[in-house]
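Colleague: You'll find input-v9.pdb just under this line, and it carries PDB, C-alpha atoms.
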```pdb
ATOM      1  CA  MET V   1     -69.058  48.648  55.606  1.00  0.00           C
ATOM      2  CA  LEU V   2     -72.391  49.367  57.251  1.00  0.00           C
ATOM      3  CA  THR V   3     -72.630  45.780  58.477  1.00  0.00           C
ATOM      4  CA  LYS V   4     -69.228  46.071  60.174  1.00  0.00           C
ATOM      5  CA  VAL V   5     -70.358  49.250  61.937  1.00  0.00           C
ATOM      6  CA  LEU V   6     -73.559  47.548  63.080  1.00  0.00           C
ATOM      7  CA  LEU V   7     -71.638  44.486  64.287  1.00  0.00           C
ATOM      8  CA  THR V   8     -69.255  46.738  66.211  1.00  0.00           C
ATOM      9  CA  PHE V   9     -72.196  48.541  67.801  1.00  0.00           C
ATOM     10  CA  ILE V  10     -73.935  45.294  68.754  1.00  0.00           C
ATOM     11  CA  ALA V  11     -70.723  43.746  70.112  1.00  0.00           C
ATOM     12  CA  THR V  12     -70.059  46.874  72.183  1.00  0.00           C
ATOM     13  CA  ILE V  13     -73.529  46.751  73.704  1.00  0.00           C
ATOM     14  CA  ILE V  14     -73.341  43.031  74.479  1.00  0.00           C
ATOM     15  CA  LEU V  15     -69.872  43.254  75.999  1.00  0.00           C
ATOM     16  CA  TYR V  16     -70.749  46.329  78.046  1.00  0.00           C
ATOM     17  CA  TYR V  17     -73.805  44.696  79.600  1.00  0.00           C
ATOM     18  CA  THR V  18     -71.781  41.545  80.239  1.00  0.00           C
ATOM     19  CA  TYR V  19     -69.211  43.701  81.993  1.00  0.00           C
ATOM     20  CA  LYS V  20     -71.915  45.421  84.082  1.00  0.00           C
ATOM     21  CA  LEU V  21     -73.420  42.053  84.997  1.00  0.00           C
ATOM     22  CA  LEU V  22     -70.143  40.429  86.017  1.00  0.00           C
ATOM     23  CA  PHE V  23     -68.164  43.376  87.394  1.00  0.00           C
ATOM     24  CA  GLY V  24     -70.805  45.900  88.436  1.00  0.00           C
ATOM     25  CA  LYS V  25     -69.916  45.759  92.117  1.00  0.00           C
ATOM     26  CA  CYS V  26     -66.202  45.053  91.782  1.00  0.00           C
ATOM     27  CA  ASN V  27     -63.918  47.150  93.987  1.00  0.00           C
ATOM     28  CA  ARG V  28     -60.715  46.425  92.069  1.00  0.00           C
ATOM     29  CA  PHE V  29     -60.782  49.342  89.685  1.00  0.00           C
ATOM     30  CA  ASN V  30     -57.489  48.512  87.950  1.00  0.00           C
ATOM     31  CA  VAL V  31     -58.694  45.027  87.024  1.00  0.00           C
ATOM     32  CA  CYS V  32     -62.100  46.308  85.919  1.00  0.00           C
ATOM     33  CA  ARG V  33     -60.514  49.016  83.799  1.00  0.00           C
ATOM     34  CA  ILE V  34     -58.234  46.517  82.041  1.00  0.00           C
ATOM     35  CA  ILE V  35     -61.156  44.162  81.378  1.00  0.00           C
ATOM     36  CA  LEU V  36     -63.330  46.984  80.036  1.00  0.00           C
ATOM     37  CA  LEU V  37     -60.567  48.236  77.739  1.00  0.00           C
ATOM     38  CA  THR V  38     -59.915  44.694  76.486  1.00  0.00           C
ATOM     39  CA  MET V  39     -63.611  44.203  75.785  1.00  0.00           C
ATOM     40  CA  SER V  40     -63.842  47.465  73.864  1.00  0.00           C
ATOM     41  CA  VAL V  41     -60.808  46.537  71.726  1.00  0.00           C
ATOM     42  CA  PHE V  42     -62.392  43.143  71.052  1.00  0.00           C
ATOM     43  CA  ALA V  43     -65.657  44.824  70.046  1.00  0.00           C
ATOM     44  CA  PHE V  44     -63.831  46.785  67.354  1.00  0.00           C
ATOM     45  CA  VAL V  45     -61.783  43.794  66.134  1.00  0.00           C
ATOM     46  CA  PHE V  46     -64.687  41.301  66.159  1.00  0.00           C
ATOM     47  CA  PRO V  47     -66.369  42.357  62.860  1.00  0.00           C
ATOM     48  CA  PHE V  48     -63.118  41.909  60.944  1.00  0.00           C
ATOM     49  CA  ILE V  49     -62.619  38.296  62.056  1.00  0.00           C
ATOM     50  CA  SER V  50     -63.829  35.773  59.519  1.00  0.00           C
ATOM     51  CA  ILE V  51     -64.060  32.098  60.333  1.00  0.00           C
ATOM     52  CA  LYS V  52     -64.261  29.738  57.396  1.00  0.00           C
ATOM     53  CA  ILE V  53     -65.426  26.215  58.023  1.00  0.00           C
ATOM     54  CA  SER V  54     -63.894  23.898  55.484  1.00  0.00           C
ATOM     55  CA  GLY V  55     -65.054  20.415  54.798  1.00  0.00           C
ATOM     56  CA  GLN V  56     -68.455  18.841  54.555  1.00  0.00           C
ATOM     57  CA  MET V  57     -70.875  18.169  57.339  1.00  0.00           C
ATOM     58  CA  PRO V  58     -71.203  14.529  58.409  1.00  0.00           C
ATOM     59  CA  GLU V  59     -74.075  12.606  56.837  1.00  0.00           C
ATOM     60  CA  TYR V  60     -75.958  12.029  60.077  1.00  0.00           C
ATOM     61  CA  PHE V  61     -76.876  15.724  60.142  1.00  0.00           C
ATOM     62  CA  PHE V  62     -78.844  15.300  56.915  1.00  0.00           C
ATOM     63  CA  ILE V  63     -80.656  11.989  57.526  1.00  0.00           C
ATOM     64  CA  MET V  64     -84.012  12.500  59.237  1.00  0.00           C
ATOM     65  CA  ASP V  65     -86.106   9.685  57.711  1.00  0.00           C
ATOM     66  CA  ASN V  66     -87.130   7.776  60.850  1.00  0.00           C
ATOM     67  CA  VAL V  67     -87.674  10.657  63.238  1.00  0.00           C
TER      68      VAL V  67
END
```
Represent the structure contained in this file as structure tokens.
Modeller:
Amino acid sequence: MLTKVLLTFIATIILYYTYKLLFGKCNRFNVCRIILLTMSVFAFVFPFISIKISGQMPEYFFIMDNV
């Protein structure tokens, strides 16, 4: 549970500074408000998303004999 809280906190910080970088001087307040609200919802949903990669990695990732 603590890791999900920390991931939410980190995602909020990263998305907020991305917002400030991209939309800091934007004059369209309605668009900026929608984007900021969407980012904050994503920051709270992000820790609960799990991506499972199924299958094996190709063999050429493991062969490093002649490098």
Colleague: What does the distance from CA of Lys52 (chain V) to CA of Met1 (chain V) come to in Å, to one decimal?
Modeller: 19.6 Å
Colleague: Quick check, in Å to one decimal: how far apart do CA of Lys20 (chain V) and CA of Ile35 (chain V) lie?
Modeller: 11.2 Å
Colleague: One decimal, in Å: what's the spacing between CA of Leu2 (chain V) and CA of Tyr17 (chain V)?
Modeller: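 Computing the Euclidean distance for CA of Leu2 (chain V) and CA of Tyr17 (chain V) yields 22.9 Å.
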Colleague: Give me, as a list in words, all polymer residues having an atom no more than 7 Å from region 40-51 of chain V, counting only C-alpha atoms and skipping those fewer than 3 positions away in the same chain.
Modeller: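 Residues near the query, excluding close chain neighbours: Lys4, Leu7, Thr8, Ala11, Thr12, Leu36 and Leu37 of chain V.
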Colleague: Write the residues you've just listed into a file as an mmCIF file, keeping the file's coordinate frame, and include C-alpha atoms for each of them.
Modeller:
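Output file part-v2.cif follows:
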```cif
data_model
loop_
_atom_site.group_PDB
_atom_site.id
_atom_site.type_symbol
_atom_site.label_atom_id
_atom_site.label_comp_id
_atom_site.auth_asym_id
_atom_site.auth_seq_id
_atom_site.Cartn_x
_atom_site.Cartn_y
_atom_site.Cartn_z
ATOM 1 C CA LYS V 4 -69.228 46.071 60.174
ATOM 2 C CA LEU V 7 -71.638 44.486 64.287
ATOM 3 C CA THR V 8 -69.255 46.738 66.211
ATOM 4 C CA ALA V 11 -70.723 43.746 70.112
ATOM 5 C CA THR V 12 -70.059 46.874 72.183
ATOM 6 C CA LEU V 36 -63.330 46.984 80.036
ATOM 7 C CA LEU V 37 -60.567 48.236 77.739
#
```
